[in-house]
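Content type PDB, C-alpha atoms, from the file query.pdb:
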ATOM      1  CA  MET A   1     104.946 109.949 107.100  1.00  0.00           C
ATOM      2  CA  ALA A   2     107.934 110.369 104.807  1.00  0.00           C
ATOM      3  CA  GLY A   3     108.421 113.872 106.235  1.00  0.00           C
ATOM      4  CA  ARG A   4     108.129 115.740 102.948  1.00  0.00           C
ATOM      5  CA  PHE A   5     105.083 117.789 104.000  1.00  0.00           C
ATOM      6  CA  LYS A   6     103.788 119.264 107.249  1.00  0.00           C
ATOM      7  CA  PHE A   7     100.129 119.098 106.141  1.00  0.00           C
ATOM      8  CA  ALA A   8      97.996 117.036 103.769  1.00  0.00           C
ATOM      9  CA  VAL A   9      94.338 116.751 102.823  1.00  0.00           C
ATOM     10  CA  SER A  10      92.699 113.383 103.319  1.00  0.00           C
ATOM     11  CA  ASN A  11      89.416 111.652 103.900  1.00  0.00           C
ATOM     12  CA  GLU A  12      88.832 111.147 107.650  1.00  0.00           C
ATOM     13  CA  TRP A  13      88.215 107.395 107.244  1.00  0.00           C
ATOM     14  CA  ILE A  14      91.476 106.966 105.340  1.00  0.00           C
ATOM     15  CA  LEU A  15      93.349 108.846 108.056  1.00  0.00           C
ATOM     16  CA  GLU A  16      91.814 106.671 110.772  1.00  0.00           C
ATOM     17  CA  ARG A  17      92.545 103.497 108.787  1.00  0.00           C
ATOM     18  CA  PHE A  18      96.166 104.613 108.334  1.00  0.00           C
ATOM     19  CA  ASN A  19      96.515 105.415 112.036  1.00  0.00           C
ATOM     20  CA  GLN A  20      95.302 101.952 113.044  1.00  0.00           C
ATOM     21  CA  ARG A  21      98.574 100.529 111.707  1.00  0.00           C
ATOM     22  CA  MET A  22     100.820 103.128 113.327  1.00  0.00           C
ATOM     23  CA  PRO A  23     102.250 103.179 116.856  1.00  0.00           C
ATOM     24  CA  VAL A  24     100.663 105.838 119.071  1.00  0.00           C
ATOM     25  CA  GLY A  25     103.608 108.241 118.827  1.00  0.00           C
ATOM     26  CA  LYS A  26     103.684 108.080 115.015  1.00  0.00           C
ATOM     27  CA  ARG A  27      99.979 108.627 114.263  1.00  0.00           C
ATOM     28  CA  LEU A  28      98.908 111.570 112.137  1.00  0.00           C
ATOM     29  CA  HIS A  29      96.578 114.165 113.639  1.00  0.00           C
ATOM     30  CA  LYS A  30      93.465 115.902 112.343  1.00  0.00           C
ATOM     31  CA  VAL A  31      93.995 119.653 112.193  1.00  0.00           C
ATOM     32  CA  ALA A  32      90.865 121.018 110.537  1.00  0.00           C
ATOM     33  CA  VAL A  33      87.747 119.991 108.665  1.00  0.00           C
ATOM     34  CA  ILE A  34      87.685 121.555 105.203  1.00  0.00           C
ATOM     35  CA  ASP A  35      84.223 120.409 104.167  1.00  0.00           C
ATOM     36  CA  GLU A  36      81.626 117.966 105.376  1.00  0.00           C
ATOM     37  CA  GLN A  37      78.748 116.428 103.453  1.00  0.00           C
ATOM     38  CA  ARG A  38      75.960 114.080 104.421  1.00  0.00           C
ATOM     39  CA  LEU A  39      75.943 110.857 102.477  1.00  0.00           C
ATOM     40  CA  GLY A  40      72.920 109.197 100.993  1.00  0.00           C
ATOM     41  CA  CYS A  41      71.930 106.702  98.372  1.00  0.00           C
ATOM     42  CA  ILE A  42      69.793 107.606  95.396  1.00  0.00           C
ATOM     43  CA  VAL A  43      68.627 104.925  92.997  1.00  0.00           C
ATOM     44  CA  ARG A  44      67.567 105.975  89.522  1.00  0.00           C
ATOM     45  CA  ASN A  45      63.991 105.193  88.537  1.00  0.00           C
ATOM     46  CA  ASP A  46      64.860 103.059  85.520  1.00  0.00           C
ATOM     47  CA  PRO A  47      63.262  99.721  84.660  1.00  0.00           C
ATOM     48  CA  ASN A  48      66.734  98.330  83.851  1.00  0.00           C
ATOM     49  CA  VAL A  49      67.980  99.024  87.400  1.00  0.00           C
ATOM     50  CA  PRO A  50      66.910  96.451  90.031  1.00  0.00           C
ATOM     51  CA  VAL A  51      65.882  99.148  92.544  1.00  0.00           C
ATOM     52  CA  GLN A  52      64.008  96.914  94.984  1.00  0.00           C
ATOM     53  CA  LEU A  53      66.844  94.382  95.031  1.00  0.00           C
ATOM     54  CA  ILE A  54      69.366  97.136  95.806  1.00  0.00           C
ATOM     55  CA  LEU A  55      67.196  98.609  98.568  1.00  0.00           C
ATOM     56  CA  ARG A  56      66.487  95.171 100.103  1.00  0.00           C
ATOM     57  CA  THR A  57      70.190  94.346 100.030  1.00  0.00           C
ATOM     58  CA  LEU A  58      71.089  97.613 101.768  1.00  0.00           C
ATOM     59  CA  LEU A  59      68.395  96.989 104.384  1.00  0.00           C
ATOM     60  CA  ARG A  60      69.696  93.448 105.028  1.00  0.00           C
ATOM     61  CA  MET A  61      73.252  94.787 105.310  1.00  0.00           C
ATOM     62  CA  GLN A  62      72.098  97.386 107.818  1.00  0.00           C
ATOM     63  CA  GLN A  63      70.058  94.911 109.872  1.00  0.00           C
ATOM     64  CA  SER A  64      72.850  92.317 109.956  1.00  0.00           C
ATOM     65  CA  GLY A  65      75.418  94.877 111.105  1.00  0.00           C
ATOM     66  CA  GLU A  66      77.499  94.465 107.942  1.00  0.00           C
ATOM     67  CA  ILE A  67      77.484  98.214 107.222  1.00  0.00           C
ATOM     68  CA  GLU A  68      78.734  98.951 110.753  1.00  0.00           C
ATOM     69  CA  GLN A  69      81.463  96.313 110.311  1.00  0.00           C
ATOM     70  CA  ILE A  70      82.627  98.037 107.127  1.00  0.00           C
ATOM     71  CA  ILE A  71      82.702 101.394 108.914  1.00  0.00           C
ATOM     72  CA  ARG A  72      84.621  99.862 111.855  1.00  0.00           C
ATOM     73  CA  LEU A  73      87.143  98.409 109.393  1.00  0.00           C
ATOM     74  CA  TYR A  74      88.080 101.941 108.353  1.00  0.00           C
ATOM     75  CA  THR A  75      87.602 103.848 111.607  1.00  0.00           C
ATOM     76  CA  GLY A  76      88.023 101.309 114.390  1.00  0.00           C
ATOM     77  CA  GLU A  77      84.877 102.802 115.933  1.00  0.00           C
ATOM     78  CA  THR A  78      81.131 102.220 115.920  1.00  0.00           C
ATOM     79  CA  PRO A  79      79.321 104.883 113.860  1.00  0.00           C
ATOM     80  CA  ASP A  80      77.089 107.440 115.597  1.00  0.00           C
ATOM     81  CA  ARG A  81      73.404 106.733 115.404  1.00  0.00           C
ATOM     82  CA  ASN A  82      72.091 110.286 114.851  1.00  0.00           C
TER      83      ASN A  82
END
Encoding of this model in structure tokens:
Amino acid sequence: MAGRFKFAVSNEWILERFNQRMPVGKRLHKVAVIDEQRLGCIVRNDPNVPVQLILRTLLRMQQSGEIEQIIRLYTGETPDRN
């Protein structure tokens, strides 16, 4: 936005979050996708890690819509359900 560069590399969610605060004429535009990776959660099988608690918490967050609210906070949109 300062005008020092014509292009930059950023996370798509950060770009969308930034653009939420900008007037329409000043928003930055996506030009290309450099790389894309699916995201998952792996919990180590270690007796010191409360695996079931973590998984139950994630399930509750998903069921309550909290995860979608977090995504909307950054993107302003509802995530795809693919």
d(atom CA of A:Tyr74, atom CA of A:Met22) in Å: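 We find that atom CA of A:Tyr74 and atom CA of A:Met22 lie 13.7 Å from each other.
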Please indicate the distance in Å from atom CA of A:Val9 to atom CA of A:Arg72, rounded to one decimal place.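 Result for atom CA of A:Val9 versus atom CA of A:Arg72: 21.5 Å, one decimal.
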Of the residues A:Val51, A:Gln69, A:Pro23, A:Asn11, which is the one nearest to A:Glu36, using all atoms listed in the file?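 Distance minimum relative to A:Glu36 lands on A:Asn11.
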Residue neighbourhood stretch 27-32 of chain A, 12 Å, all atoms listed in the file, exclusion window fewer than 4 positions, as JSON, numbers by chain: {"A": [1, 2, 3, 5, 6, 7, 8, 9, 10, 11, 12, 13, 14, 15, 16, 17, 18, 19, 20, 21, 22, 23, 36]}
Find the residues around A:Ile42 up to 12 Å (all atoms listed in the file counted), leave out those fewer than 2 positions away in its own chain, and share them as a VMD selection string. chain A and resid 39 to 40 44 to 46 49 51 54 to 55 58
Dump C-alpha atoms for the selected residues as an mmCIF file, keeping the file's coordinate frame?
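Output saved as out_22.cif:
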data_model
loop_
_atom_site.group_PDB
_atom_site.id
_atom_site.type_symbol
_atom_site.label_atom_id
_atom_site.label_comp_id
_atom_site.auth_asym_id
_atom_site.auth_seq_id
_atom_site.Cartn_x
_atom_site.Cartn_y
_atom_site.Cartn_z
ATOM 1 C CA LEU A 39 75.943 110.857 102.477
ATOM 2 C CA GLY A 40 72.920 109.197 100.993
ATOM 3 C CA ARG A 44 67.567 105.975 89.522
ATOM 4 C CA ASN A 45 63.991 105.193 88.537
ATOM 5 C CA ASP A 46 64.860 103.059 85.520
ATOM 6 C CA VAL A 49 67.980 99.024 87.400
ATOM 7 C CA VAL A 51 65.882 99.148 92.544
ATOM 8 C CA ILE A 54 69.366 97.136 95.806
ATOM 9 C CA LEU A 55 67.196 98.609 98.568
ATOM 10 C CA LEU A 58 71.089 97.613 101.768
#
Just give me the gap between atom CA of A:Gln52 and atom CA of A:Gln37 in Å, one decimal is fine.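 These two atoms are separated by 25.9 Å.
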Looking at all atoms listed in the file, which of A:Arg4, A:Gly25, A:Val33, A:Cys41 is the one that sits closest to A:Leu59?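 Of A:Arg4, A:Gly25, A:Val33, A:Cys41, the one nearest A:Leu59, counting all atoms listed in the file, is A:Cys41.
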Need the axis-aligned box for stretch 28-46 of chain A with 5 Å each side, so what are the centre and edges in Å to one decimal, as AutoDock Vina command-line options?
--center_x 81.4 --center_y 112.3 --center_z 99.6 --size_x 44.9 --size_y 28.5 --size_z 38.1
Take stretch 37-65 of chain A, bring it up to N, CA and C atoms, and give me the output as a PDB file, keeping the file's coordinate frame.
ATOM      1  N   GLN A  37      79.988 116.647 104.184  1.00  0.00           N
ATOM      2  CA  GLN A  37      78.748 116.428 103.453  1.00  0.00           C
ATOM      3  C   GLN A  37      78.054 115.190 103.979  1.00  0.00           C
ATOM      4  N   ARG A  38      76.735 115.265 104.061  1.00  0.00           N
ATOM      5  CA  ARG A  38      75.960 114.080 104.421  1.00  0.00           C
ATOM      6  C   ARG A  38      75.957 113.139 103.231  1.00  0.00           C
ATOM      7  N   LEU A  39      75.901 111.868 103.522  1.00  0.00           N
ATOM      8  CA  LEU A  39      75.943 110.857 102.477  1.00  0.00           C
ATOM      9  C   LEU A  39      74.600 110.167 102.384  1.00  0.00           C
ATOM     10  N   GLY A  40      74.163 109.911 101.196  1.00  0.00           N
ATOM     11  CA  GLY A  40      72.920 109.197 100.993  1.00  0.00           C
ATOM     12  C   GLY A  40      73.028 108.299  99.781  1.00  0.00           C
ATOM     13  N   CYS A  41      71.960 107.598  99.511  1.00  0.00           N
ATOM     14  CA  CYS A  41      71.930 106.702  98.372  1.00  0.00           C
ATOM     15  C   CYS A  41      70.689 107.025  97.539  1.00  0.00           C
ATOM     16  N   ILE A  42      70.899 107.337  96.311  1.00  0.00           N
ATOM     17  CA  ILE A  42      69.793 107.606  95.396  1.00  0.00           C
ATOM     18  C   ILE A  42      69.844 106.547  94.297  1.00  0.00           C
ATOM     19  N   VAL A  43      68.704 105.947  94.042  1.00  0.00           N
ATOM     20  CA  VAL A  43      68.627 104.925  92.997  1.00  0.00           C
ATOM     21  C   VAL A  43      67.747 105.467  91.882  1.00  0.00           C
ATOM     22  N   ARG A  44      68.272 105.444  90.685  1.00  0.00           N
ATOM     23  CA  ARG A  44      67.567 105.975  89.522  1.00  0.00           C
ATOM     24  C   ARG A  44      66.311 105.169  89.224  1.00  0.00           C
ATOM     25  N   ASN A  45      65.251 105.848  88.886  1.00  0.00           N
ATOM     26  CA  ASN A  45      63.991 105.193  88.537  1.00  0.00           C
ATOM     27  C   ASN A  45      64.064 104.754  87.071  1.00  0.00           C
ATOM     28  N   ASP A  46      64.644 103.587  86.861  1.00  0.00           N
ATOM     29  CA  ASP A  46      64.860 103.059  85.520  1.00  0.00           C
ATOM     30  C   ASP A  46      64.492 101.581  85.558  1.00  0.00           C
ATOM     31  N   PRO A  47      63.664 101.131  84.642  1.00  0.00           N
ATOM     32  CA  PRO A  47      63.262  99.721  84.660  1.00  0.00           C
ATOM     33  C   PRO A  47      64.439  98.748  84.508  1.00  0.00           C
ATOM     34  N   ASN A  48      65.569  99.195  84.010  1.00  0.00           N
ATOM     35  CA  ASN A  48      66.734  98.330  83.851  1.00  0.00           C
ATOM     36  C   ASN A  48      67.577  98.222  85.128  1.00  0.00           C
ATOM     37  N   VAL A  49      67.248  99.056  86.131  1.00  0.00           N
ATOM     38  CA  VAL A  49      67.980  99.024  87.400  1.00  0.00           C
ATOM     39  C   VAL A  49      67.126  98.279  88.419  1.00  0.00           C
ATOM     40  N   PRO A  50      67.688  97.245  89.064  1.00  0.00           N
ATOM     41  CA  PRO A  50      66.910  96.451  90.031  1.00  0.00           C
ATOM     42  C   PRO A  50      66.776  97.178  91.372  1.00  0.00           C
ATOM     43  N   VAL A  51      65.984  98.255  91.390  1.00  0.00           N
ATOM     44  CA  VAL A  51      65.882  99.148  92.544  1.00  0.00           C
ATOM     45  C   VAL A  51      65.503  98.398  93.821  1.00  0.00           C
ATOM     46  N   GLN A  52      64.457  97.608  93.772  1.00  0.00           N
ATOM     47  CA  GLN A  52      64.008  96.914  94.984  1.00  0.00           C
ATOM     48  C   GLN A  52      65.072  95.954  95.508  1.00  0.00           C
ATOM     49  N   LEU A  53      65.766  95.284  94.623  1.00  0.00           N
ATOM     50  CA  LEU A  53      66.844  94.382  95.031  1.00  0.00           C
ATOM     51  C   LEU A  53      67.950  95.159  95.743  1.00  0.00           C
ATOM     52  N   ILE A  54      68.322  96.307  95.199  1.00  0.00           N
ATOM     53  CA  ILE A  54      69.366  97.136  95.806  1.00  0.00           C
ATOM     54  C   ILE A  54      68.920  97.603  97.191  1.00  0.00           C
ATOM     55  N   LEU A  55      67.691  98.109  97.288  1.00  0.00           N
ATOM     56  CA  LEU A  55      67.196  98.609  98.568  1.00  0.00           C
ATOM     57  C   LEU A  55      67.065  97.481  99.599  1.00  0.00           C
ATOM     58  N   ARG A  56      66.593  96.316  99.183  1.00  0.00           N
ATOM     59  CA  ARG A  56      66.487  95.171 100.103  1.00  0.00           C
ATOM     60  C   ARG A  56      67.867  94.732 100.586  1.00  0.00           C
ATOM     61  N   THR A  57      68.829  94.730  99.669  1.00  0.00           N
ATOM     62  CA  THR A  57      70.190  94.346 100.030  1.00  0.00           C
ATOM     63  C   THR A  57      70.777  95.317 101.047  1.00  0.00           C
ATOM     64  N   LEU A  58      70.599  96.620 100.812  1.00  0.00           N
ATOM     65  CA  LEU A  58      71.089  97.613 101.768  1.00  0.00           C
ATOM     66  C   LEU A  58      70.415  97.456 103.125  1.00  0.00           C
ATOM     67  N   LEU A  59      69.121  97.193 103.138  1.00  0.00           N
ATOM     68  CA  LEU A  59      68.395  96.989 104.384  1.00  0.00           C
ATOM     69  C   LEU A  59      68.921  95.760 105.132  1.00  0.00           C
ATOM     70  N   ARG A  60      69.141  94.660 104.403  1.00  0.00           N
ATOM     71  CA  ARG A  60      69.696  93.448 105.028  1.00  0.00           C
ATOM     72  C   ARG A  60      71.095  93.712 105.588  1.00  0.00           C
ATOM     73  N   MET A  61      71.904  94.459 104.844  1.00  0.00           N
ATOM     74  CA  MET A  61      73.252  94.787 105.310  1.00  0.00           C
ATOM     75  C   MET A  61      73.189  95.629 106.582  1.00  0.00           C
ATOM     76  N   GLN A  62      72.250  96.553 106.629  1.00  0.00           N
ATOM     77  CA  GLN A  62      72.098  97.386 107.818  1.00  0.00           C
ATOM     78  C   GLN A  62      71.627  96.546 109.002  1.00  0.00           C
ATOM     79  N   GLN A  63      70.619  95.724 108.792  1.00  0.00           N
ATOM     80  CA  GLN A  63      70.058  94.911 109.872  1.00  0.00           C
ATOM     81  C   GLN A  63      71.057  93.886 110.397  1.00  0.00           C
ATOM     82  N   SER A  64      71.884  93.346 109.529  1.00  0.00           N
ATOM     83  CA  SER A  64      72.850  92.317 109.956  1.00  0.00           C
ATOM     84  C   SER A  64      74.081  92.910 110.637  1.00  0.00           C
ATOM     85  N   GLY A  65      74.236  94.239 110.530  1.00  0.00           N
ATOM     86  CA  GLY A  65      75.418  94.877 111.105  1.00  0.00           C
ATOM     87  C   GLY A  65      76.590  94.949 110.149  1.00  0.00           C
TER      88      GLY A  65
END
